[in-house]
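Note: the block below is input_11.pdb and it holds PDB, N, CA and C atoms and all ligand atoms.
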ATOM      1  N   MET C1452     -28.583  92.461 -58.860  1.00  0.00           N
ATOM      2  CA  MET C1452     -27.191  92.714 -59.291  1.00  0.00           C
ATOM      3  C   MET C1452     -26.561  91.485 -59.922  1.00  0.00           C
ATOM      4  N   GLY C1453     -26.797  90.304 -59.323  1.00  0.00           N
ATOM      5  CA  GLY C1453     -26.224  89.053 -59.803  1.00  0.00           C
ATOM      6  C   GLY C1453     -26.618  88.731 -61.229  1.00  0.00           C
ATOM      7  N   LEU C1454     -27.859  89.070 -61.555  1.00  0.00           N
ATOM      8  CA  LEU C1454     -28.379  88.798 -62.901  1.00  0.00           C
ATOM      9  C   LEU C1454     -27.627  89.604 -63.963  1.00  0.00           C
ATOM     10  N   TYR C1455     -27.307  90.848 -63.637  1.00  0.00           N
ATOM     11  CA  TYR C1455     -26.559  91.685 -64.569  1.00  0.00           C
ATOM     12  C   TYR C1455     -25.172  91.122 -64.836  1.00  0.00           C
ATOM     13  N   ARG C1456     -24.575  90.597 -63.743  1.00  0.00           N
ATOM     14  CA  ARG C1456     -23.227  90.047 -63.866  1.00  0.00           C
ATOM     15  C   ARG C1456     -23.242  88.822 -64.787  1.00  0.00           C
ATOM     16  N   ILE C1457     -24.244  87.963 -64.608  1.00  0.00           N
ATOM     17  CA  ILE C1457     -24.370  86.775 -65.467  1.00  0.00           C
ATOM     18  C   ILE C1457     -24.559  87.188 -66.930  1.00  0.00           C
ATOM     19  N   PHE C1458     -25.399  88.196 -67.108  1.00  0.00           N
ATOM     20  CA  PHE C1458     -25.662  88.703 -68.454  1.00  0.00           C
ATOM     21  C   PHE C1458     -24.385  89.267 -69.077  1.00  0.00           C
ATOM     22  N   PHE C1459     -23.622  89.991 -68.266  1.00  0.00           N
ATOM     23  CA  PHE C1459     -22.367  90.590 -68.729  1.00  0.00           C
ATOM     24  C   PHE C1459     -21.382  89.510 -69.175  1.00  0.00           C
ATOM     25  N   TYR C1460     -21.233  88.458 -68.333  1.00  0.00           N
ATOM     26  CA  TYR C1460     -20.301  87.386 -68.678  1.00  0.00           C
ATOM     27  C   TYR C1460     -20.768  86.602 -69.898  1.00  0.00           C
ATOM     28  N   ALA C1461     -22.060  86.420 -69.998  1.00  0.00           N
ATOM     29  CA  ALA C1461     -22.611  85.716 -71.158  1.00  0.00           C
ATOM     30  C   ALA C1461     -22.290  86.478 -72.440  1.00  0.00           C
ATOM     31  N   LEU C1462     -22.452  87.792 -72.362  1.00  0.00           N
ATOM     32  CA  LEU C1462     -22.149  88.649 -73.510  1.00  0.00           C
ATOM     33  C   LEU C1462     -20.662  88.605 -73.840  1.00  0.00           C
ATOM     34  N   LEU C1463     -19.833  88.623 -72.801  1.00  0.00           N
ATOM     35  CA  LEU C1463     -18.379  88.593 -72.964  1.00  0.00           C
ATOM     36  C   LEU C1463     -17.957  87.293 -73.656  1.00  0.00           C
ATOM     37  N   PHE C1464     -18.476  86.168 -73.185  1.00  0.00           N
ATOM     38  CA  PHE C1464     -18.128  84.878 -73.787  1.00  0.00           C
ATOM     39  C   PHE C1464     -18.625  84.792 -75.228  1.00  0.00           C
ATOM     40  N   PHE C1465     -19.784  85.374 -75.472  1.00  0.00           N
ATOM     41  CA  PHE C1465     -20.345  85.366 -76.819  1.00  0.00           C
ATOM     42  C   PHE C1465     -19.440  86.123 -77.792  1.00  0.00           C
ATOM     43  N   VAL C1466     -18.947  87.288 -77.323  1.00  0.00           N
ATOM     44  CA  VAL C1466     -18.066  88.111 -78.158  1.00  0.00           C
ATOM     45  C   VAL C1466     -16.755  87.376 -78.419  1.00  0.00           C
ATOM     46  N   ILE C1467     -16.172  86.769 -77.357  1.00  0.00           N
ATOM     47  CA  ILE C1467     -14.922  86.012 -77.517  1.00  0.00           C
ATOM     48  C   ILE C1467     -15.124  84.853 -78.499  1.00  0.00           C
ATOM     49  N   TYR C1468     -16.254  84.164 -78.340  1.00  0.00           N
ATOM     50  CA  TYR C1468     -16.582  83.043 -79.213  1.00  0.00           C
ATOM     51  C   TYR C1468     -16.661  83.490 -80.677  1.00  0.00           C
ATOM     52  N   LYS C1469     -17.296  84.651 -80.880  1.00  0.00           N
ATOM     53  CA  LYS C1469     -17.417  85.201 -82.236  1.00  0.00           C
ATOM     54  C   LYS C1469     -16.053  85.540 -82.825  1.00  0.00           C
ATOM     55  N   ILE C1470     -15.180  86.153 -81.999  1.00  0.00           N
ATOM     56  CA  ILE C1470     -13.837  86.542 -82.458  1.00  0.00           C
ATOM     57  C   ILE C1470     -13.018  85.302 -82.825  1.00  0.00           C
ATOM     58  N   VAL C1471     -13.065  84.287 -81.951  1.00  0.00           N
ATOM     59  CA  VAL C1471     -12.315  83.048 -82.192  1.00  0.00           C
ATOM     60  C   VAL C1471     -12.797  82.385 -83.480  1.00  0.00           C
ATOM     61  N   ARG C1472     -14.122  82.364 -83.646  1.00  0.00           N
ATOM     62  CA  ARG C1472     -14.694  81.767 -84.860  1.00  0.00           C
ATOM     63  C   ARG C1472     -14.277  82.528 -86.111  1.00  0.00           C
ATOM     64  N   PHE C1473     -14.231  83.844 -85.985  1.00  0.00           N
ATOM     65  CA  PHE C1473     -13.851  84.689 -87.115  1.00  0.00           C
ATOM     66  C   PHE C1473     -12.421  84.387 -87.556  1.00  0.00           C
ATOM     67  N   PHE C1474     -11.506  84.291 -86.566  1.00  0.00           N
ATOM     68  CA  PHE C1474     -10.107  84.054 -86.901  1.00  0.00           C
ATOM     69  C   PHE C1474      -9.860  82.627 -87.394  1.00  0.00           C
ATOM     70  N   SER C1475     -10.585  81.665 -86.840  1.00  0.00           N
ATOM     71  CA  SER C1475     -10.402  80.282 -87.299  1.00  0.00           C
ATOM     72  C   SER C1475     -10.949  80.100 -88.707  1.00  0.00           C
ATOM     73  N   SER C1476     -11.983  80.862 -89.058  1.00  0.00           N
ATOM     74  CA  SER C1476     -12.503  80.787 -90.428  1.00  0.00           C
ATOM     75  C   SER C1476     -11.536  81.432 -91.409  1.00  0.00           C
ATOM     76  N   LEU C1477     -10.833  82.466 -90.955  1.00  0.00           N
ATOM     77  CA  LEU C1477      -9.817  83.103 -91.795  1.00  0.00           C
ATOM     78  C   LEU C1477      -8.684  82.141 -92.091  1.00  0.00           C
ATOM     79  N   ASN C1478      -8.220  81.430 -91.043  1.00  0.00           N
ATOM     80  CA  ASN C1478      -7.136  80.459 -91.207  1.00  0.00           C
ATOM     81  C   ASN C1478      -7.552  79.335 -92.141  1.00  0.00           C
ATOM     82  N   LYS C1479      -8.792  78.867 -91.977  1.00  0.00           N
ATOM     83  CA  LYS C1479      -9.286  77.763 -92.794  1.00  0.00           C
ATOM     84  C   LYS C1479      -9.326  78.166 -94.266  1.00  0.00           C
ATOM     85  N   ARG C1480      -9.778  79.398 -94.510  1.00  0.00           N
ATOM     86  CA  ARG C1480      -9.912  79.879 -95.880  1.00  0.00           C
ATOM     87  C   ARG C1480      -8.544  79.993 -96.559  1.00  0.00           C
ATOM     88  N   SER C1481      -7.568  80.552 -95.842  1.00  0.00           N
ATOM     89  CA  SER C1481      -6.264  80.771 -96.448  1.00  0.00           C
ATOM     90  C   SER C1481      -5.493  79.470 -96.650  1.00  0.00           C
ATOM     91  N   SER C1482      -5.715  78.483 -95.770  1.00  0.00           N
ATOM     92  CA  SER C1482      -4.972  77.228 -95.897  1.00  0.00           C
ATOM     93  C   SER C1482      -5.613  76.296 -96.913  1.00  0.00           C
ATOM     94  N   SER C1483      -6.948  76.395 -97.087  1.00  0.00           N
ATOM     95  CA  SER C1483      -7.616  75.490 -98.012  1.00  0.00           C
ATOM     96  C   SER C1483      -7.539  75.981 -99.446  1.00  0.00           C
ATOM     97  N   SER C1484      -7.272  77.279 -99.636  1.00  0.00           N
ATOM     98  CA  SER C1484      -7.226  77.818-100.987  1.00  0.00           C
ATOM     99  C   SER C1484      -5.895  77.504-101.667  1.00  0.00           C
ATOM    100  N   GLN C1485      -4.849  77.276-100.873  1.00  0.00           N
ATOM    101  CA  GLN C1485      -3.534  77.056-101.465  1.00  0.00           C
ATOM    102  C   GLN C1485      -3.334  75.668-102.085  1.00  0.00           C
ATOM    103  N   PRO C1486      -3.705  74.561-101.416  1.00  0.00           N
ATOM    104  CA  PRO C1486      -3.364  73.258-101.994  1.00  0.00           C
ATOM    105  C   PRO C1486      -4.147  72.908-103.248  1.00  0.00           C
ATOM    106  N   LYS C1487      -5.071  73.792-103.692  1.00  0.00           N
ATOM    107  CA  LYS C1487      -5.811  73.528-104.921  1.00  0.00           C
ATOM    108  C   LYS C1487      -4.878  73.457-106.124  1.00  0.00           C
ATOM    109  N   GLN C1488      -3.859  74.325-106.110  1.00  0.00           N
ATOM    110  CA  GLN C1488      -2.863  74.293-107.169  1.00  0.00           C
ATOM    111  C   GLN C1488      -2.000  73.041-107.001  1.00  0.00           C
ATOM    112  N   LYS C1489      -1.875  72.284-108.075  1.00  0.00           N
ATOM    113  CA  LYS C1489      -1.024  71.095-108.015  1.00  0.00           C
ATOM    114  C   LYS C1489       0.403  71.494-108.335  1.00  0.00           C
ATOM    115  N   VAL C1490       1.167  71.702-107.284  1.00  0.00           N
ATOM    116  CA  VAL C1490       2.559  72.099-107.450  1.00  0.00           C
ATOM    117  C   VAL C1490       3.420  71.109-106.697  1.00  0.00           C
ATOM    118  N   SER C1491       4.436  70.608-107.366  1.00  0.00           N
ATOM    119  CA  SER C1491       5.332  69.636-106.741  1.00  0.00           C
ATOM    120  C   SER C1491       6.203  70.283-105.681  1.00  0.00           C
ATOM    121  N   GLY C1492       6.365  71.607-105.792  1.00  0.00           N
ATOM    122  CA  GLY C1492       7.205  72.317-104.836  1.00  0.00           C
ATOM    123  C   GLY C1492       8.658  72.350-105.246  1.00  0.00           C
ATOM    124  N   LYS C1493       8.972  71.716-106.386  1.00  0.00           N
ATOM    125  CA  LYS C1493      10.359  71.705-106.835  1.00  0.00           C
ATOM    126  C   LYS C1493      10.675  73.007-107.566  1.00  0.00           C
ATOM    127  N   MET C1494      11.743  73.650-107.147  1.00  0.00           N
ATOM    128  CA  MET C1494      12.142  74.901-107.767  1.00  0.00           C
ATOM    129  C   MET C1494      13.387  74.661-108.617  1.00  0.00           C
ATOM    130  N   VAL C1495      13.430  75.342-109.749  1.00  0.00           N
ATOM    131  CA  VAL C1495      14.606  75.257-110.615  1.00  0.00           C
ATOM    132  C   VAL C1495      15.204  76.637-110.792  1.00  0.00           C
ATOM    133  N   HIS C1496      16.476  76.654-111.143  1.00  0.00           N
ATOM    134  CA  HIS C1496      17.217  77.914-111.251  1.00  0.00           C
ATOM    135  C   HIS C1496      17.378  78.316-112.712  1.00  0.00           C
ATOM    136  N   ASP C1497      16.974  79.527-113.009  1.00  0.00           N
ATOM    137  CA  ASP C1497      17.224  80.112-114.315  1.00  0.00           C
ATOM    138  C   ASP C1497      18.528  80.898-114.211  1.00  0.00           C
ATOM    139  N   LYS C1498      19.567  80.399-114.885  1.00  0.00           N
ATOM    140  CA  LYS C1498      20.897  81.014-114.759  1.00  0.00           C
ATOM    141  C   LYS C1498      20.986  82.342-115.498  1.00  0.00           C
ATOM    142  N   ILE C1499      20.115  82.549-116.465  1.00  0.00           N
ATOM    143  CA  ILE C1499      20.206  83.752-117.299  1.00  0.00           C
ATOM    144  C   ILE C1499      19.777  84.991-116.514  1.00  0.00           C
ATOM    145  N   CYS C1500      18.600  84.928-115.901  1.00  0.00           N
ATOM    146  CA  CYS C1500      18.147  86.092-115.133  1.00  0.00           C
ATOM    147  C   CYS C1500      18.260  85.847-113.637  1.00  0.00           C
ATOM    148  N   ASN C1501      18.874  84.710-113.277  1.00  0.00           N
ATOM    149  CA  ASN C1501      19.188  84.401-111.874  1.00  0.00           C
ATOM    150  C   ASN C1501      17.953  84.393-110.979  1.00  0.00           C
ATOM    151  N   THR C1502      16.914  83.682-111.419  1.00  0.00           N
ATOM    152  CA  THR C1502      15.715  83.549-110.597  1.00  0.00           C
ATOM    153  C   THR C1502      15.373  82.077-110.411  1.00  0.00           C
ATOM    154  N   TYR C1503      14.650  81.830-109.348  1.00  0.00           N
ATOM    155  CA  TYR C1503      14.128  80.502-109.089  1.00  0.00           C
ATOM    156  C   TYR C1503      12.638  80.491-109.422  1.00  0.00           C
ATOM    157  N   LEU C1504      12.204  79.413-110.067  1.00  0.00           N
ATOM    158  CA  LEU C1504      10.792  79.304-110.424  1.00  0.00           C
ATOM    159  C   LEU C1504      10.338  77.856-110.305  1.00  0.00           C
ATOM    160  N   PRO C1505       9.026  77.617-110.132  1.00  0.00           N
ATOM    161  CA  PRO C1505       8.533  76.244-110.043  1.00  0.00           C
ATOM    162  C   PRO C1505       8.806  75.491-111.334  1.00  0.00           C
ATOM    163  N   ILE C1506       9.166  74.234-111.205  1.00  0.00           N
ATOM    164  CA  ILE C1506       9.538  73.420-112.378  1.00  0.00           C
ATOM    165  C   ILE C1506       8.398  73.342-113.391  1.00  0.00           C
ATOM    166  N   GLU C1507       7.158  73.460-112.910  1.00  0.00           N
ATOM    167  CA  GLU C1507       5.990  73.401-113.801  1.00  0.00           C
ATOM    168  C   GLU C1507       5.940  74.587-114.761  1.00  0.00           C
ATOM    169  N   ASP C1508       6.493  75.722-114.326  1.00  0.00           N
ATOM    170  CA  ASP C1508       6.453  76.937-115.145  1.00  0.00           C
ATOM    171  C   ASP C1508       7.701  77.104-116.000  1.00  0.00           C
ATOM    172  N   ALA C1509       8.672  76.245-115.801  1.00  0.00           N
ATOM    173  CA  ALA C1509       9.963  76.438-116.460  1.00  0.00           C
ATOM    174  C   ALA C1509       9.987  75.811-117.850  1.00  0.00           C
ATOM    175  N   ILE C1510      10.832  76.389-118.708  1.00  0.00           N
ATOM    176  CA  ILE C1510      11.093  75.828-120.039  1.00  0.00           C
ATOM    177  C   ILE C1510      12.358  74.994-119.904  1.00  0.00           C
ATOM    178  N   LYS C1511      12.258  73.737-120.321  1.00  0.00           N
ATOM    179  CA  LYS C1511      13.390  72.819-120.169  1.00  0.00           C
ATOM    180  C   LYS C1511      14.183  72.736-121.468  1.00  0.00           C
ATOM    181  N   GLU C1512      15.486  72.766-121.331  1.00  0.00           N
ATOM    182  CA  GLU C1512      16.369  72.659-122.486  1.00  0.00           C
ATOM    183  C   GLU C1512      17.481  71.682-122.130  1.00  0.00           C
ATOM    184  N   ILE C1513      17.689  70.705-122.993  1.00  0.00           N
ATOM    185  CA  ILE C1513      18.775  69.752-122.748  1.00  0.00           C
ATOM    186  C   ILE C1513      19.926  70.090-123.677  1.00  0.00           C
ATOM    187  N   HIS C1514      21.056  70.370-123.062  1.00  0.00           N
ATOM    188  CA  HIS C1514      22.240  70.793-123.818  1.00  0.00           C
ATOM    189  C   HIS C1514      23.427  69.980-123.338  1.00  0.00           C
ATOM    190  N   ASN C1515      24.048  69.221-124.248  1.00  0.00           N
ATOM    191  CA  ASN C1515      25.174  68.337-123.931  1.00  0.00           C
ATOM    192  C   ASN C1515      24.859  67.380-122.769  1.00  0.00           C
ATOM    193  N   GLY C1516      23.639  66.882-122.765  1.00  0.00           N
ATOM    194  CA  GLY C1516      23.239  65.925-121.729  1.00  0.00           C
ATOM    195  C   GLY C1516      22.870  66.545-120.399  1.00  0.00           C
ATOM    196  N   ASN C1517      22.973  67.875-120.303  1.00  0.00           N
ATOM    197  CA  ASN C1517      22.581  68.560-119.066  1.00  0.00           C
ATOM    198  C   ASN C1517      21.233  69.230-119.233  1.00  0.00           C
ATOM    199  N   GLU C1518      20.469  69.221-118.159  1.00  0.00           N
ATOM    200  CA  GLU C1518      19.163  69.882-118.181  1.00  0.00           C
ATOM    201  C   GLU C1518      19.308  71.318-117.701  1.00  0.00           C
ATOM    202  N   TYR C1519      18.744  72.226-118.456  1.00  0.00           N
ATOM    203  CA  TYR C1519      18.725  73.636-118.068  1.00  0.00           C
ATOM    204  C   TYR C1519      17.278  74.110-118.054  1.00  0.00           C
ATOM    205  N   PHE C1520      16.995  75.020-117.138  1.00  0.00           N
ATOM    206  CA  PHE C1520      15.623  75.519-117.009  1.00  0.00           C
ATOM    207  C   PHE C1520      15.598  77.032-117.141  1.00  0.00           C
ATOM    208  N   PHE C1521      14.563  77.516-117.797  1.00  0.00           N
ATOM    209  CA  PHE C1521      14.430  78.952-118.041  1.00  0.00           C
ATOM    210  C   PHE C1521      13.025  79.427-117.734  1.00  0.00           C
ATOM    211  N   CYS C1522      12.928  80.691-117.318  1.00  0.00           N
ATOM    212  CA  CYS C1522      11.628  81.250-116.958  1.00  0.00           C
ATOM    213  C   CYS C1522      10.832  81.609-118.203  1.00  0.00           C
ATOM    214  N   SER C1523      11.521  81.906-119.291  1.00  0.00           N
ATOM    215  CA  SER C1523      10.822  82.330-120.515  1.00  0.00           C
ATOM    216  C   SER C1523      11.626  81.913-121.739  1.00  0.00           C
ATOM    217  N   GLU C1524      10.975  82.039-122.872  1.00  0.00           N
ATOM    218  CA  GLU C1524      11.622  81.729-124.153  1.00  0.00           C
ATOM    219  C   GLU C1524      12.796  82.686-124.410  1.00  0.00           C
ATOM    220  N   THR C1525      12.665  83.927-123.961  1.00  0.00           N
ATOM    221  CA  THR C1525      13.729  84.923-124.117  1.00  0.00           C
ATOM    222  C   THR C1525      15.018  84.463-123.435  1.00  0.00           C
ATOM    223  N   CYS C1526      14.882  83.953-122.210  1.00  0.00           N
ATOM    224  CA  CYS C1526      16.048  83.473-121.476  1.00  0.00           C
ATOM    225  C   CYS C1526      16.657  82.256-122.156  1.00  0.00           C
ATOM    226  N   ARG C1527      15.815  81.417-122.697  1.00  0.00           N
ATOM    227  CA  ARG C1527      16.282  80.215-123.394  1.00  0.00           C
ATOM    228  C   ARG C1527      17.104  80.612-124.627  1.00  0.00           C
ATOM    229  N   GLN C1528      16.600  81.607-125.358  1.00  0.00           N
ATOM    230  CA  GLN C1528      17.300  82.091-126.559  1.00  0.00           C
ATOM    231  C   GLN C1528      18.659  82.708-126.193  1.00  0.00           C
ATOM    232  N   LYS C1529      18.669  83.467-125.098  1.00  0.00           N
ATOM    233  CA  LYS C1529      19.933  84.074-124.628  1.00  0.00           C
ATOM    234  C   LYS C1529      20.954  82.998-124.288  1.00  0.00           C
ATOM    235  N   PHE C1530      20.463  81.951-123.627  1.00  0.00           N
ATOM    236  CA  PHE C1530      21.333  80.841-123.238  1.00  0.00           C
ATOM    237  C   PHE C1530      21.929  80.174-124.474  1.00  0.00           C
ATOM    238  N   LEU C1531      21.095  79.914-125.469  1.00  0.00           N
ATOM    239  CA  LEU C1531      21.542  79.247-126.696  1.00  0.00           C
ATOM    240  C   LEU C1531      22.517  80.120-127.471  1.00  0.00           C
ATOM    241  N   GLN C1532      22.289  81.431-127.441  1.00  0.00           N
ATOM    242  CA  GLN C1532      23.211  82.365-128.120  1.00  0.00           C
ATOM    243  C   GLN C1532      24.587  82.363-127.449  1.00  0.00           C
ATOM    244  N   ASN C1533      24.559  82.318-126.114  1.00  0.00           N
ATOM    245  CA  ASN C1533      25.822  82.301-125.375  1.00  0.00           C
ATOM    246  C   ASN C1533      26.594  81.005-125.609  1.00  0.00           C
ATOM    247  N   LYS C1534      25.867  79.915-125.792  1.00  0.00           N
ATOM    248  CA  LYS C1534      26.509  78.617-125.982  1.00  0.00           C
ATOM    249  C   LYS C1534      27.184  78.520-127.337  1.00  0.00           C
ATOM    250  N   ASN C1535      26.559  79.161-128.363  1.00  0.00           N
ATOM    251  CA  ASN C1535      27.093  79.036-129.721  1.00  0.00           C
ATOM    252  C   ASN C1535      28.196  80.059-129.996  1.00  0.00           C
TER     253      ASN C1535
HETATM  254 ZN    ZN J   1      14.790  84.036-116.950  1.00  0.00          ZN
END

What is this structure when it is put down as structure tokens?
Ligand SMILES: [Zn+2]
Amino acid sequence: MGLYRIFFYALLFFVIYKIVRFFSSLNKRSSSSQPKQKVSGKMVHDKICNTYLPIEDAIKEIHNGNEYFFCSETCRQKFLQNKN
């Protein structure tokens, strides 16, 4: 009887070990895939369509000494039309 119990616990620990390994590999994969992108993390506001976007993706426009950021050329054109 004792031998079966040892076998049972060995199997139980093996399964737990496998589950823990599975979840830790999932965490490792999701956390290591993100920092590959070089992003400063700085967000800028597009006033035209009222969205926030990473500064790397934004179109910069300097108007009267102020910096403005836009998500697309369309928003930039709208901004310039409104200014004139
Ligand atoms: Zn926009």

- Message: At a cut-off of 6 Å around ligand ZN 1 (chain J), and using all atoms listed in the file, what residues come up? Please write them as a ChimeraX atom specification.
- Response: /C:1497,1499-1502,1521-1523,1526

- Task: Work out how far atom C of C:Lys1498 is from atom N of C:Asn1533, in Å to one decimal.
- Result: 11.2 Å

- Query: Any idea what the distance is between atom CA of C:Pro1505 and atom CA of C:Tyr1519?
  - Reply: 13.2 Å

- Message: What does the structure give for the distance between atom C of C:Lys1493 and atom CA of C:Glu1507, in Å to one decimal?
- Response: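 Value for the atom C of C:Lys1493-atom CA of C:Glu1507 distance: 7.8 Å.
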
- Backbone-only DSSP, alpha helix (DSSP H) members of stretch 1456-1533 of chain C, as a ChimeraX atom specification: /C:1456-1484,1524-1533

- Task: Between C:Asn1478, C:Phe1464, C:Asn1517, C:Ile1506, single out the one closest to C:Ser1491, counting only N, CA and C atoms.
- Result: C:Ile1506

- Item | Which residue of C:Leu1454, C:Val1495, C:Val1466, C:Leu1477 approaches C:Ala1509 most closely, using all atoms listed in the file |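 Once distances to C:Ala1509 are computed over all atoms listed in the file, the minimum belongs to C:Val1495.
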
- Message: Can you tell me, as a list of chain:residue names, which residues in chain C count as strand (DSSP E or B) by DSSP?
- Response: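 Listing strand (DSSP E or B) positions across chain C yields C:Met1494, C:Val1495, C:His1496, C:Asp1497, C:Thr1502, C:Tyr1503, C:Leu1504, C:Pro1505, C:Ile1510, C:Lys1511, C:Glu1512, C:Ile1513, C:His1514, C:Asn1517, C:Glu1518, C:Tyr1519, C:Phe1520, C:Phe1521.
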
- Message: Restricting the calculation to only C-alpha atoms: of C:Ile1470, C:Ile1457, C:Leu1463, C:Leu1504, which residue gets closest to C:Phe1520?
- Response: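 Ranked by minimum distance to C:Phe1520, first place goes to C:Leu1504.
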